[in-house]
$ cat data12.txt   # compact mmCIF, C-alpha atoms and all ligand atoms
# COMPACT_ATOMS: atom_id res chain seq x y z
CA MET C 1 105.25 77.98 106.21
CA PRO C 2 102.92 75.16 107.36
CA ALA C 3 103.03 71.91 105.39
CA ASP C 4 99.22 71.56 105.54
CA ARG C 5 96.82 73.58 103.42
CA ILE C 6 95.30 76.49 105.32
CA THR C 7 91.52 76.33 105.10
CA VAL C 8 90.64 79.18 107.51
CA PRO C 9 91.07 82.97 107.09
CA PHE C 10 94.71 84.10 107.23
CA THR C 11 96.91 87.12 106.52
CA VAL C 12 100.08 87.32 104.45
CA ALA C 13 102.47 90.26 104.82
CA ALA C 14 105.28 90.87 102.34
CA PRO C 15 107.73 93.76 102.72
CA GLY C 16 108.78 96.38 100.19
CA ARG C 17 112.47 96.97 99.54
CA VAL C 18 114.91 99.81 99.25
CA ASN C 19 118.06 99.46 97.17
CA LEU C 20 121.15 100.87 98.92
CA ILE C 21 123.33 100.83 95.79
CA GLY C 22 123.54 99.00 92.44
CA GLU C 23 120.81 100.80 90.46
CA HIS C 24 119.72 99.76 86.99
CA VAL C 25 122.30 96.98 86.92
CA ASP C 26 120.22 93.90 87.78
CA TYR C 27 119.20 93.48 84.13
CA ASN C 28 122.87 93.85 83.21
CA ASP C 29 123.84 90.80 85.32
CA GLY C 30 125.46 93.10 87.91
CA PHE C 31 125.61 93.33 91.72
CA VAL C 32 122.84 95.02 93.72
CA LEU C 33 122.41 95.70 97.45
CA PRO C 34 118.72 95.88 98.40
CA MET C 35 117.13 95.27 101.80
CA ALA C 36 113.54 94.65 102.81
CA ILE C 37 111.90 97.52 104.72
CA GLU C 38 109.39 97.79 107.54
CA ARG C 39 106.56 98.71 105.18
CA HIS C 40 104.31 96.00 103.81
CA VAL C 41 101.59 94.85 101.49
CA ARG C 42 99.08 92.67 103.37
CA LEU C 43 96.58 90.24 101.91
CA ARG C 44 93.69 89.22 104.15
CA VAL C 45 92.67 85.91 102.63
CA ARG C 46 89.53 83.80 103.05
CA PRO C 47 89.42 80.48 101.20
CA ARG C 48 86.22 79.83 99.18
CA PRO C 49 84.59 76.52 98.36
CA ASP C 50 84.30 77.42 94.65
CA ARG C 51 86.73 78.37 91.84
CA ARG C 52 86.33 82.14 92.06
CA VAL C 53 88.83 84.74 93.30
CA LEU C 54 87.36 88.00 94.65
CA LEU C 55 89.80 90.88 95.09
CA ARG C 56 89.33 94.19 96.85
CA THR C 57 91.62 97.11 97.66
CA GLY C 58 90.94 100.24 99.70
CA ARG C 59 92.31 102.26 96.77
CA SER C 60 89.39 101.42 94.47
CA PRO C 61 85.65 100.78 95.04
CA GLU C 62 85.34 97.79 92.67
CA THR C 63 85.54 94.09 93.51
CA VAL C 64 87.51 92.21 90.86
CA THR C 65 86.37 88.66 90.13
CA LEU C 66 88.65 86.08 88.51
CA ASP C 67 87.32 82.74 87.33
CA LEU C 68 89.81 79.95 87.97
CA ALA C 69 87.93 77.59 85.64
CA ALA C 70 89.61 79.32 82.67
CA PRO C 71 93.16 80.61 82.02
CA LEU C 72 93.55 84.18 83.35
CA GLU C 73 94.37 87.01 80.95
CA PRO C 74 95.99 90.40 81.70
CA ARG C 75 93.67 93.43 81.88
CA ARG C 76 94.85 96.75 80.53
CA ARG C 77 96.88 98.65 83.19
CA HIS C 78 95.02 97.08 86.11
CA TRP C 79 96.28 96.48 89.66
CA SER C 80 94.80 92.97 89.67
CA ASN C 81 97.33 91.94 86.97
CA TYR C 82 99.99 91.35 89.61
CA ILE C 83 97.73 88.88 91.38
CA ALA C 84 96.35 87.22 88.24
CA GLY C 85 99.85 86.84 86.78
CA VAL C 86 101.11 85.13 89.92
CA ILE C 87 98.09 82.80 90.04
CA GLU C 88 98.83 81.76 86.44
CA GLY C 89 102.54 81.30 87.24
CA CYS C 90 101.72 79.15 90.27
CA ARG C 91 99.38 77.03 88.17
CA ARG C 92 102.16 76.51 85.62
CA ALA C 93 104.40 75.46 88.53
CA GLY C 94 101.83 72.80 89.46
CA LEU C 95 100.02 74.57 92.31
CA ASP C 96 96.28 74.48 91.83
CA PRO C 97 94.75 76.94 94.31
CA PRO C 98 91.07 76.86 95.33
CA GLY C 99 88.98 80.02 95.06
CA PHE C 100 89.62 82.71 97.66
CA GLU C 101 88.76 86.26 98.63
CA ALA C 102 91.54 88.75 99.33
CA ASP C 103 91.56 92.29 100.66
CA VAL C 104 94.73 94.14 99.74
CA GLU C 105 96.08 96.62 102.31
CA ALA C 106 99.39 98.46 102.25
CA THR C 107 101.65 100.54 104.45
CA LEU C 108 103.90 100.86 101.40
CA PRO C 109 103.27 103.78 99.05
CA ALA C 110 102.29 102.58 95.56
CA GLY C 111 104.49 103.93 92.76
CA GLY C 112 107.13 105.22 95.19
CA GLY C 113 109.91 102.99 93.88
CA LEU C 114 109.77 100.77 96.98
CA SER C 115 108.57 97.67 95.12
CA SER C 116 104.93 97.67 96.11
CA SER C 117 104.34 95.52 93.01
CA ALA C 118 106.94 92.91 94.01
CA ALA C 119 105.48 92.88 97.53
CA LEU C 120 101.98 92.25 96.13
CA GLU C 121 103.28 89.51 93.82
CA VAL C 122 105.23 87.75 96.58
CA ALA C 123 102.31 88.10 99.04
CA THR C 124 100.06 86.45 96.43
CA ALA C 125 102.48 83.60 95.75
CA THR C 126 102.88 83.05 99.51
CA ALA C 127 99.09 82.98 99.93
CA ILE C 128 98.81 80.36 97.18
CA GLU C 129 101.53 78.26 98.82
CA ALA C 130 99.48 78.40 102.03
CA LEU C 131 96.21 77.58 100.25
CA CYS C 132 97.86 74.59 98.53
CA GLY C 133 100.05 73.42 101.43
CA ARG C 134 103.15 73.40 99.19
CA GLU C 135 106.25 75.59 99.14
CA LEU C 136 107.86 76.75 95.93
CA GLY C 137 111.16 77.79 97.54
CA PRO C 138 112.31 81.42 97.49
CA GLU C 139 114.19 81.40 94.16
CA ARG C 140 111.42 79.75 92.18
CA LYS C 141 108.89 82.01 93.84
CA ALA C 142 110.90 85.14 93.01
CA LEU C 143 111.34 84.13 89.35
CA LEU C 144 107.67 83.30 88.99
CA CYS C 145 106.74 86.72 90.40
CA GLN C 146 109.18 88.43 88.01
CA ALA C 147 107.59 86.54 85.10
CA ALA C 148 104.14 87.71 86.24
CA GLU C 149 105.36 91.30 86.12
CA HIS C 150 106.74 90.81 82.59
CA GLU C 151 103.74 88.96 81.19
CA PHE C 152 100.78 90.51 83.00
CA ALA C 153 101.99 94.02 83.96
CA GLY C 154 104.15 94.49 80.85
CA VAL C 155 107.16 95.73 82.85
CA PRO C 156 110.47 94.10 81.76
CA CYS C 157 111.98 94.33 85.26
CA GLY C 158 115.13 92.60 86.48
CA ILE C 159 115.28 90.11 89.37
CA MET C 160 116.26 92.48 92.17
CA ASP C 161 112.90 93.38 93.69
CA GLN C 162 111.40 89.91 93.86
CA PHE C 163 114.68 88.40 95.17
CA ALA C 164 114.98 91.17 97.78
CA VAL C 165 111.47 90.38 99.09
CA CYS C 166 111.70 86.57 98.95
CA PHE C 167 115.19 86.25 100.48
CA ALA C 168 114.89 89.16 102.96
CA MET C 169 116.90 88.74 106.13
CA PRO C 170 116.35 90.91 109.26
CA GLY C 171 119.29 93.20 110.02
CA HIS C 172 120.93 92.58 106.65
CA ALA C 173 121.05 93.99 103.16
CA LEU C 174 121.54 91.35 100.46
CA CYS C 175 124.46 91.56 98.06
CA LEU C 176 122.88 89.80 95.09
CA ASP C 177 124.97 88.75 92.13
CA CYS C 178 122.31 88.87 89.43
CA ARG C 179 124.34 86.72 87.04
CA ALA C 180 125.08 83.84 89.44
CA ARG C 181 121.84 84.50 91.38
CA SER C 182 123.86 84.12 94.58
CA ILE C 183 123.34 86.16 97.74
CA VAL C 184 125.75 87.31 100.45
CA PRO C 185 124.01 88.84 103.50
CA VAL C 186 125.61 92.17 104.49
CA PRO C 187 125.09 93.43 108.07
CA LEU C 188 124.24 97.12 108.05
CA GLY C 189 126.88 98.09 110.59
CA GLN C 190 126.70 99.48 114.12
CA GLY C 191 125.23 102.90 114.70
CA LEU C 192 123.71 103.33 111.21
CA ARG C 193 120.09 103.75 110.14
CA VAL C 194 118.47 103.78 106.73
CA LEU C 195 116.24 106.76 105.93
CA VAL C 196 113.75 106.75 103.07
CA ILE C 197 112.13 109.97 101.83
CA ASN C 198 109.45 110.07 99.17
CA SER C 199 109.93 113.02 96.81
CA GLY C 200 106.14 113.02 96.34
CA VAL C 201 106.44 113.11 92.54
CA LYS C 202 106.25 110.46 89.83
CA HIS C 203 107.03 111.65 86.33
CA SER C 204 105.21 109.96 83.49
CA LEU C 205 108.45 109.23 81.61
CA ALA C 206 109.01 106.32 83.97
CA ASP C 207 107.09 103.62 82.08
CA GLY C 208 108.66 103.77 78.65
CA ALA C 209 112.10 104.90 79.80
CA TYR C 210 112.74 101.68 81.74
CA ALA C 211 112.33 99.52 78.64
CA THR C 212 114.37 102.03 76.61
CA ARG C 213 117.29 101.84 79.07
CA ARG C 214 117.20 98.05 78.96
CA ALA C 215 117.28 98.12 75.17
CA GLU C 216 120.14 100.66 75.16
CA CYS C 217 122.19 98.43 77.45
CA SER C 218 121.73 95.35 75.28
CA GLU C 219 122.55 97.36 72.18
CA ALA C 220 125.76 98.67 73.83
CA ALA C 221 126.74 95.14 74.90
CA GLY C 222 126.02 93.84 71.39
CA ARG C 223 128.16 96.50 69.73
CA LEU C 224 131.01 95.75 72.15
CA GLY C 225 130.74 92.00 71.52
CA VAL C 226 129.95 90.98 75.10
CA ALA C 227 127.03 89.00 76.49
CA SER C 228 126.18 91.78 78.95
CA LEU C 229 127.76 94.97 80.32
CA ARG C 230 128.77 92.92 83.40
CA ASP C 231 131.58 91.57 81.23
CA LEU C 232 133.29 94.97 81.19
CA VAL C 233 135.45 96.68 83.85
CA PRO C 234 136.01 100.46 84.10
CA ALA C 235 139.36 100.16 82.26
CA ASP C 236 137.48 98.87 79.17
CA LEU C 237 135.57 102.15 78.79
CA ASP C 238 138.34 103.91 76.84
CA ALA C 239 138.13 101.30 74.12
CA ALA C 240 134.32 101.38 74.30
CA ALA C 241 134.42 105.13 73.62
CA ARG C 242 135.67 104.40 70.10
CA LEU C 243 132.84 101.95 69.36
CA LEU C 244 129.75 103.51 70.92
CA PRO C 245 127.77 106.67 70.15
CA PRO C 246 127.75 109.17 73.08
CA ASN C 247 124.39 108.16 74.56
CA LEU C 248 125.22 104.44 74.63
CA LEU C 249 128.69 105.18 76.03
CA ALA C 250 127.08 107.17 78.85
CA ARG C 251 124.70 104.28 79.65
CA ALA C 252 127.58 101.80 79.64
CA ARG C 253 129.69 104.11 81.84
CA HIS C 254 126.92 104.19 84.44
CA VAL C 255 126.41 100.42 84.42
CA VAL C 256 130.11 99.50 84.56
CA GLY C 257 130.85 102.09 87.27
CA GLU C 258 127.78 101.17 89.30
CA ILE C 259 128.58 97.45 89.26
CA ALA C 260 132.08 98.26 90.60
CA ARG C 261 130.62 100.55 93.29
CA VAL C 262 128.60 97.76 94.95
CA PRO C 263 131.50 95.63 96.28
CA ALA C 264 133.35 98.87 97.12
CA PHE C 265 130.36 100.01 99.21
CA VAL C 266 130.12 96.62 100.95
CA ALA C 267 133.85 96.87 101.80
CA ALA C 268 133.41 100.42 103.10
CA LEU C 269 130.56 99.28 105.37
CA ALA C 270 132.63 96.35 106.66
CA ALA C 271 135.58 98.66 107.38
CA GLY C 272 133.31 101.22 109.07
CA ASP C 273 134.57 103.81 106.56
CA ARG C 274 131.57 106.15 106.47
CA GLY C 275 133.30 108.75 104.33
CA ALA C 276 133.95 106.21 101.57
CA ALA C 277 130.41 104.80 101.83
CA GLY C 278 128.91 108.29 101.54
CA ASP C 279 131.11 109.18 98.54
CA LEU C 280 129.98 106.02 96.73
CA LEU C 281 126.30 106.89 97.29
CA ALA C 282 126.94 110.40 95.92
CA GLU C 283 128.78 109.01 92.86
CA SER C 284 125.96 106.57 92.24
CA HIS C 285 123.40 109.37 92.20
CA ARG C 286 125.52 111.58 89.94
CA SER C 287 125.97 108.73 87.50
CA LEU C 288 122.23 107.93 87.46
CA ALA C 289 121.41 111.61 86.90
CA LEU C 290 124.02 112.47 84.28
CA ASP C 291 124.95 109.25 82.45
CA TYR C 292 121.82 107.18 82.89
CA ALA C 293 119.36 110.10 82.83
CA VAL C 294 116.78 108.53 85.16
CA SER C 295 116.70 111.17 87.91
CA CYS C 296 114.53 114.32 88.06
CA PRO C 297 114.84 117.80 89.63
CA GLU C 298 113.08 116.76 92.86
CA LEU C 299 115.38 113.79 93.50
CA ASP C 300 118.46 115.88 92.65
CA LEU C 301 117.28 118.56 95.06
CA LEU C 302 116.81 116.08 97.92
CA VAL C 303 120.30 114.68 97.32
CA ASP C 304 121.84 118.18 97.21
CA LEU C 305 120.05 119.23 100.39
CA ALA C 306 121.06 116.00 102.16
CA ALA C 307 124.73 116.83 101.59
CA GLY C 308 124.33 119.81 103.95
CA VAL C 309 122.53 117.98 106.78
CA PRO C 310 124.73 116.87 109.72
CA GLY C 311 124.47 113.12 110.42
CA ILE C 312 123.58 112.16 106.84
CA ILE C 313 126.43 110.01 105.54
CA GLY C 314 125.22 109.76 101.95
CA CYS C 315 122.05 109.96 99.86
CA ARG C 316 120.91 108.84 96.40
CA MET C 317 117.79 108.12 94.39
CA THR C 318 116.59 104.53 94.78
CA GLY C 319 114.58 102.29 92.45
CA GLY C 320 113.67 102.96 88.84
CA GLY C 321 113.80 106.78 89.09
CA PHE C 322 111.91 109.75 87.54
CA GLY C 323 110.51 110.44 91.00
CA GLY C 324 109.78 108.13 93.92
CA CYS C 325 112.20 107.95 96.82
CA VAL C 326 115.72 108.74 97.91
CA VAL C 327 117.59 106.54 100.37
CA ALA C 328 120.07 107.96 102.87
CA LEU C 329 122.49 106.32 105.25
CA VAL C 330 122.37 108.23 108.55
CA GLU C 331 124.07 108.17 111.95
CA GLU C 332 121.74 106.42 114.40
CA ASP C 333 122.27 109.15 117.02
CA GLY C 334 120.24 112.12 115.85
CA ALA C 335 118.69 110.20 112.91
CA VAL C 336 115.21 111.62 113.53
CA GLU C 337 116.54 115.19 113.73
CA ALA C 338 118.50 114.68 110.49
CA ALA C 339 115.40 113.36 108.74
CA ARG C 340 113.28 116.28 109.96
CA ALA C 341 115.91 118.81 108.87
CA LEU C 342 116.06 117.35 105.36
CA VAL C 343 112.28 117.12 104.97
CA ALA C 344 111.91 120.72 106.21
CA ALA C 345 114.54 121.98 103.74
CA TYR C 346 112.75 120.15 100.91
CA ARG C 347 109.40 121.62 101.95
CA ASP C 348 110.91 125.13 102.04
CA ALA C 349 112.44 124.72 98.59
CA ARG C 350 109.60 122.88 96.78
CA GLY C 351 106.49 123.16 98.89
CA ILE C 352 106.21 119.34 99.04
CA ASP C 353 105.81 117.40 102.29
CA GLY C 354 108.00 114.36 101.68
CA GLU C 355 106.71 111.30 103.52
CA TRP C 356 109.69 109.75 105.37
CA PHE C 357 110.60 106.87 107.62
CA LEU C 358 113.61 105.28 109.23
CA THR C 359 113.79 101.54 108.76
CA ALA C 360 115.78 98.51 109.81
CA ALA C 361 116.31 95.66 107.35
CA ALA C 362 113.12 93.61 107.68
CA ALA C 363 112.15 89.93 107.34
CA GLY C 364 110.55 88.35 104.27
CA PRO C 365 106.95 87.21 103.67
CA ALA C 366 105.03 85.83 106.64
CA VAL C 367 101.70 84.04 107.09
CA THR C 368 99.57 84.38 110.23
CA VAL C 369 96.30 82.59 110.80
CA ASP C 370 93.75 85.20 111.96
C1 LIG J 401 112.89 98.62 89.15
C2 LIG J 401 112.99 97.20 88.60
C3 LIG J 401 114.25 96.48 89.12
C4 LIG J 401 115.50 97.33 88.89
C5 LIG J 401 115.27 98.77 89.37
C6 LIG J 401 116.42 99.68 89.04
O1 LIG J 401 112.71 98.59 90.53
O2 LIG J 401 111.85 96.46 88.99
O3 LIG J 401 114.37 95.23 88.50
O4 LIG J 401 115.89 97.29 87.55
O5 LIG J 401 114.09 99.34 88.83
O6 LIG J 401 117.57 99.30 89.72
$ encode --input "data12.txt" --output "structure tokens" --more "lines below"
Ligand code: GLA
Amino acid sequence: MPADRITVPFTVAAPGRVNLIGEHVDYNDGFVLPMAIERHVRLRVRPRPDRRVLLRTGRSPETVTLDLAAPLEPRRRHWSNYIAGVIEGCRRAGLDPPGFEADVEATLPAGGGLSSSAALEVATATAIEALCGRELGPERKALLCQAAEHEFAGVPCGIMDQFAVCFAMPGHALCLDCRARSIVPVPLGQGLRVLVINSGVKHSLADGAYATRRAECSEAAGRLGVASLRDLVPADLDAAARLLPPNLLARARHVVGEIARVPAFVAALAAGDRGAAGDLLAESHRSLALDYAVSCPELDLLVDLAAGVPGIIGCRMTGGGFGGCVVALVEEDGAVEAARALVAAYRDARGIDGEWFLTAAAAGPAVTVD
């Protein structure tokens, strides 16, 4: 990041992320293991001499104009909220950007559970750093982007996505302790690739269910007298069974089990124990489907089919759920054949062509002067 303000046209690219394991536990202070992927949101930015921001995306014909002379307000369910929210957050943090034009482009599917919104937020914050010639630092930037998502997009997300994008490290997943906000880089291991397949569906339950799950987790923690479900270990669940109604017990069982699975998965990767790593991915999916109830028939089908494909070590839904993508750990040798076999089996069973790609762990946001 240059120390001087950039006054000429430039491009910012910010990656999406896939979460290997540790799902729906970031807002329970747990451990997560995301990595940035080789799919990006790009902002092509041109500074303007006035106080106006003009935004365009290939996905919609309109040009959105924001007036920096006044405080920005959220618009109802509008893609520009991610950008407007970050501009407001940056202004609160003391960065006063000039006007600019930005074209939004993406190689990342929107709504696929690969954090296209976090990528857009972080790309915007990085563009504002460049326009102002000041760096926020990755943690402050990630928290500001998360706040934009809460306040302008109305999604009460955890910290995983924005941290995964801001702290991304090539070749590594990030073991993020969401309570301490500390990160341990985890090398992916020799001979392994990460496969992402989009189920091609997004069920409408997704929006409200996320907030409901968050509320259920805080209610369970409250009834058990702990600050968050992170304070429990699997052995505490017997006692919890006497204090919680069945649905809250199931939510707690997922969270407590999933938090324990993350360090176990990291240890399995370090030991090169592919069988154990694959079993943990399968347990994670089962727990998300049965106890947390955030999967859907298409994701379950992909995971079932993956279990029969040679070279696939393990597979699970990734991200918020109710559609979107699965992530699979695959043997590098024959990875393309394994991906094709799984996609073909899914097409035969459902008639859906699942978009897929193999990815290495990618780098974080980058600015290039055009
Ligand atoms: C979404 C949220 C994240 C996280 C995941 C589920 O991606 O933005 O904060 O809660 O769902 O793990």
$ residues_around --input "data12.txt" --residues "range 190-201 of chain C" --least-positions-apart "6" --cutoff "7 Å" --atoms "only C-alpha atoms" --output "PyMOL selection string"
chain C and resi 112+298-299+323-332+352+354-360
$ closest_residue --input "data12.txt" --among "C:Val294, C:Ala13, C:Leu72, C:Val369" --to "ligand LIG 401 (chain J)" --atoms "all atoms listed in the file"
C:Val294
$ closest_atom_pairs --input "data12.txt" --of "chain C" --to "ligand LIG 401 (chain J)" --cutoff "8 Å" --atoms "all atoms listed in the file" --output "tab-separated table"
residue	atom	partner	partner_atom	distance
C:Asn19	CA	J:LIG401	O6	7.5
C:Gly22	CA	J:LIG401	O6	6.6
C:Glu23	CA	J:LIG401	O6	3.6
C:His24	CA	J:LIG401	O6	3.5
C:Val25	CA	J:LIG401	O6	6.0
C:Asp26	CA	J:LIG401	O4	5.5
C:Tyr27	CA	J:LIG401	O4	6.1
C:Val32	CA	J:LIG401	O6	7.9
C:Gly113	CA	J:LIG401	O1	6.2
C:Leu114	CA	J:LIG401	O1	7.4
C:Ser115	CA	J:LIG401	O1	6.2
C:Ala118	CA	J:LIG401	O2	7.9
C:Val155	CA	J:LIG401	O2	7.8
C:Pro156	CA	J:LIG401	O2	7.7
C:Cys157	CA	J:LIG401	O3	4.1
C:Gly158	CA	J:LIG401	O3	3.4
C:Ile159	CA	J:LIG401	O3	5.3
C:Met160	CA	J:LIG401	O3	5.0
C:Asp161	CA	J:LIG401	C3	5.7
C:Tyr210	CA	J:LIG401	O5	7.6
C:Thr318	CA	J:LIG401	O6	7.3
C:Gly319	CA	J:LIG401	O1	4.6
C:Gly320	CA	J:LIG401	O5	3.6
C:Gly321	CA	J:LIG401	O5	7.5
$ closest_residue --input "data12.txt" --among "C:Val233, C:Leu248, C:Ala227, C:Leu305" --to "Thr212 in chain C" --atoms "all atoms listed in the file"
C:Leu248
$ atom_distance --input "data12.txt" --atom1 "CA of Val122 in chain C" --atom2 "CA of Pro49 in chain C"
23.6 Å
$ closest_residue --input "data12.txt" --among "C:Pro246, C:Pro98, C:Pro61, C:Gly154" --to "Pro74 in chain C" --atoms "only C-alpha atoms"
C:Gly154
$ closest_residue --input "data12.txt" --among "C:Trp79, C:Phe167, C:Tyr292, C:Tyr346" --to "Val309 in chain C" --atoms "all atoms listed in the file"
C:Tyr346
$ atom_distance --input "data12.txt" --atom1 "CA of Ala289 in chain C" --atom2 "CA of Val184 in chain C"
28.2 Å
$ decode --input "data12.txt" --residues "range 333-354 of chain C" --atoms "N, CA, C and O atoms" --output "mmCIF file, in the first residue's frame"
data_model
loop_
_atom_site.group_PDB
_atom_site.id
_atom_site.type_symbol
_atom_site.label_atom_id
_atom_site.label_comp_id
_atom_site.auth_asym_id
_atom_site.auth_seq_id
_atom_site.Cartn_x
_atom_site.Cartn_y
_atom_site.Cartn_z
ATOM 1 N N ASP C 333 -3.239 -35.151 -7.248
ATOM 2 C CA ASP C 333 -3.209 -36.011 -8.438
ATOM 3 C C ASP C 333 -4.623 -36.448 -8.758
ATOM 4 O O ASP C 333 -5.283 -37.047 -7.911
ATOM 5 N N GLY C 334 -5.100 -36.125 -9.919
ATOM 6 C CA GLY C 334 -6.451 -36.535 -10.311
ATOM 7 C C GLY C 334 -7.533 -35.603 -9.779
ATOM 8 O O GLY C 334 -8.722 -35.950 -9.811
ATOM 9 N N ALA C 335 -7.150 -34.395 -9.306
ATOM 10 C CA ALA C 335 -8.144 -33.480 -8.720
ATOM 11 C C ALA C 335 -9.189 -33.058 -9.763
ATOM 12 O O ALA C 335 -10.388 -32.998 -9.471
ATOM 13 N N VAL C 336 -8.746 -32.796 -10.982
ATOM 14 C CA VAL C 336 -9.693 -32.343 -12.014
ATOM 15 C C VAL C 336 -10.684 -33.458 -12.352
ATOM 16 O O VAL C 336 -11.896 -33.224 -12.465
ATOM 17 N N GLU C 337 -10.172 -34.690 -12.437
ATOM 18 C CA GLU C 337 -11.060 -35.831 -12.747
ATOM 19 C C GLU C 337 -12.068 -36.021 -11.617
ATOM 20 O O GLU C 337 -13.244 -36.294 -11.867
ATOM 21 N N ALA C 338 -11.618 -35.878 -10.379
ATOM 22 C CA ALA C 338 -12.529 -36.036 -9.231
ATOM 23 C C ALA C 338 -13.618 -34.961 -9.285
ATOM 24 O O ALA C 338 -14.811 -35.247 -9.093
ATOM 25 N N ALA C 339 -13.229 -33.743 -9.584
ATOM 26 C CA ALA C 339 -14.198 -32.648 -9.651
ATOM 27 C C ALA C 339 -15.226 -32.923 -10.749
ATOM 28 O O ALA C 339 -16.434 -32.795 -10.545
ATOM 29 N N ARG C 340 -14.725 -33.354 -11.909
ATOM 30 C CA ARG C 340 -15.645 -33.620 -13.034
ATOM 31 C C ARG C 340 -16.599 -34.749 -12.702
ATOM 32 O O ARG C 340 -17.780 -34.702 -13.049
ATOM 33 N N ALA C 341 -16.096 -35.777 -12.018
ATOM 34 C CA ALA C 341 -16.952 -36.926 -11.678
ATOM 35 C C ALA C 341 -18.064 -36.477 -10.727
ATOM 36 O O ALA C 341 -19.231 -36.861 -10.889
ATOM 37 N N LEU C 342 -17.727 -35.645 -9.763
ATOM 38 C CA LEU C 342 -18.734 -35.197 -8.798
ATOM 39 C C LEU C 342 -19.778 -34.289 -9.464
ATOM 40 O O LEU C 342 -20.987 -34.455 -9.273
ATOM 41 N N VAL C 343 -19.304 -33.372 -10.289
ATOM 42 C CA VAL C 343 -20.226 -32.458 -10.969
ATOM 43 C C VAL C 343 -21.155 -33.240 -11.914
ATOM 44 O O VAL C 343 -22.355 -32.951 -12.005
ATOM 45 N N ALA C 344 -20.597 -34.258 -12.577
ATOM 46 C CA ALA C 344 -21.425 -35.068 -13.493
ATOM 47 C C ALA C 344 -22.480 -35.842 -12.710
ATOM 48 O O ALA C 344 -23.648 -35.926 -13.128
ATOM 49 N N ALA C 345 -22.093 -36.394 -11.556
ATOM 50 C CA ALA C 345 -23.061 -37.159 -10.751
ATOM 51 C C ALA C 345 -24.171 -36.233 -10.252
ATOM 52 O O ALA C 345 -25.350 -36.612 -10.221
ATOM 53 N N TYR C 346 -23.818 -35.013 -9.887
ATOM 54 C CA TYR C 346 -24.809 -34.037 -9.418
ATOM 55 C C TYR C 346 -25.747 -33.644 -10.559
ATOM 56 O O TYR C 346 -26.974 -33.558 -10.388
ATOM 57 N N ARG C 347 -25.184 -33.462 -11.739
ATOM 58 C CA ARG C 347 -26.013 -33.114 -12.909
ATOM 59 C C ARG C 347 -26.996 -34.253 -13.209
ATOM 60 O O ARG C 347 -28.186 -34.023 -13.427
ATOM 61 N N ASP C 348 -26.496 -35.493 -13.164
ATOM 62 C CA ASP C 348 -27.368 -36.645 -13.435
ATOM 63 C C ASP C 348 -28.508 -36.720 -12.418
ATOM 64 O O ASP C 348 -29.643 -37.030 -12.763
ATOM 65 N N ALA C 349 -28.190 -36.427 -11.160
ATOM 66 C CA ALA C 349 -29.196 -36.593 -10.109
ATOM 67 C C ALA C 349 -30.170 -35.416 -10.055
ATOM 68 O O ALA C 349 -31.342 -35.593 -9.720
ATOM 69 N N ARG C 350 -29.717 -34.204 -10.331
ATOM 70 C CA ARG C 350 -30.540 -32.999 -10.111
ATOM 71 C C ARG C 350 -30.814 -32.169 -11.349
ATOM 72 O O ARG C 350 -31.565 -31.186 -11.296
ATOM 73 N N GLY C 351 -30.054 -32.434 -12.392
ATOM 74 C CA GLY C 351 -30.190 -31.612 -13.597
ATOM 75 C C GLY C 351 -29.596 -30.225 -13.437
ATOM 76 O O GLY C 351 -29.947 -29.305 -14.179
ATOM 77 N N ILE C 352 -28.696 -30.047 -12.467
ATOM 78 C CA ILE C 352 -28.062 -28.722 -12.276
ATOM 79 C C ILE C 352 -26.583 -28.834 -12.619
ATOM 80 O O ILE C 352 -25.907 -29.763 -12.178
ATOM 81 N N ASP C 353 -26.098 -27.856 -13.424
ATOM 82 C CA ASP C 353 -24.668 -27.791 -13.735
ATOM 83 C C ASP C 353 -23.987 -26.977 -12.647
ATOM 84 O O ASP C 353 -24.075 -25.754 -12.645
ATOM 85 N N GLY C 354 -23.327 -27.633 -11.729
ATOM 86 C CA GLY C 354 -22.671 -26.911 -10.624
ATOM 87 C C GLY C 354 -21.373 -26.288 -11.095
ATOM 88 O O GLY C 354 -20.473 -26.990 -11.550
#
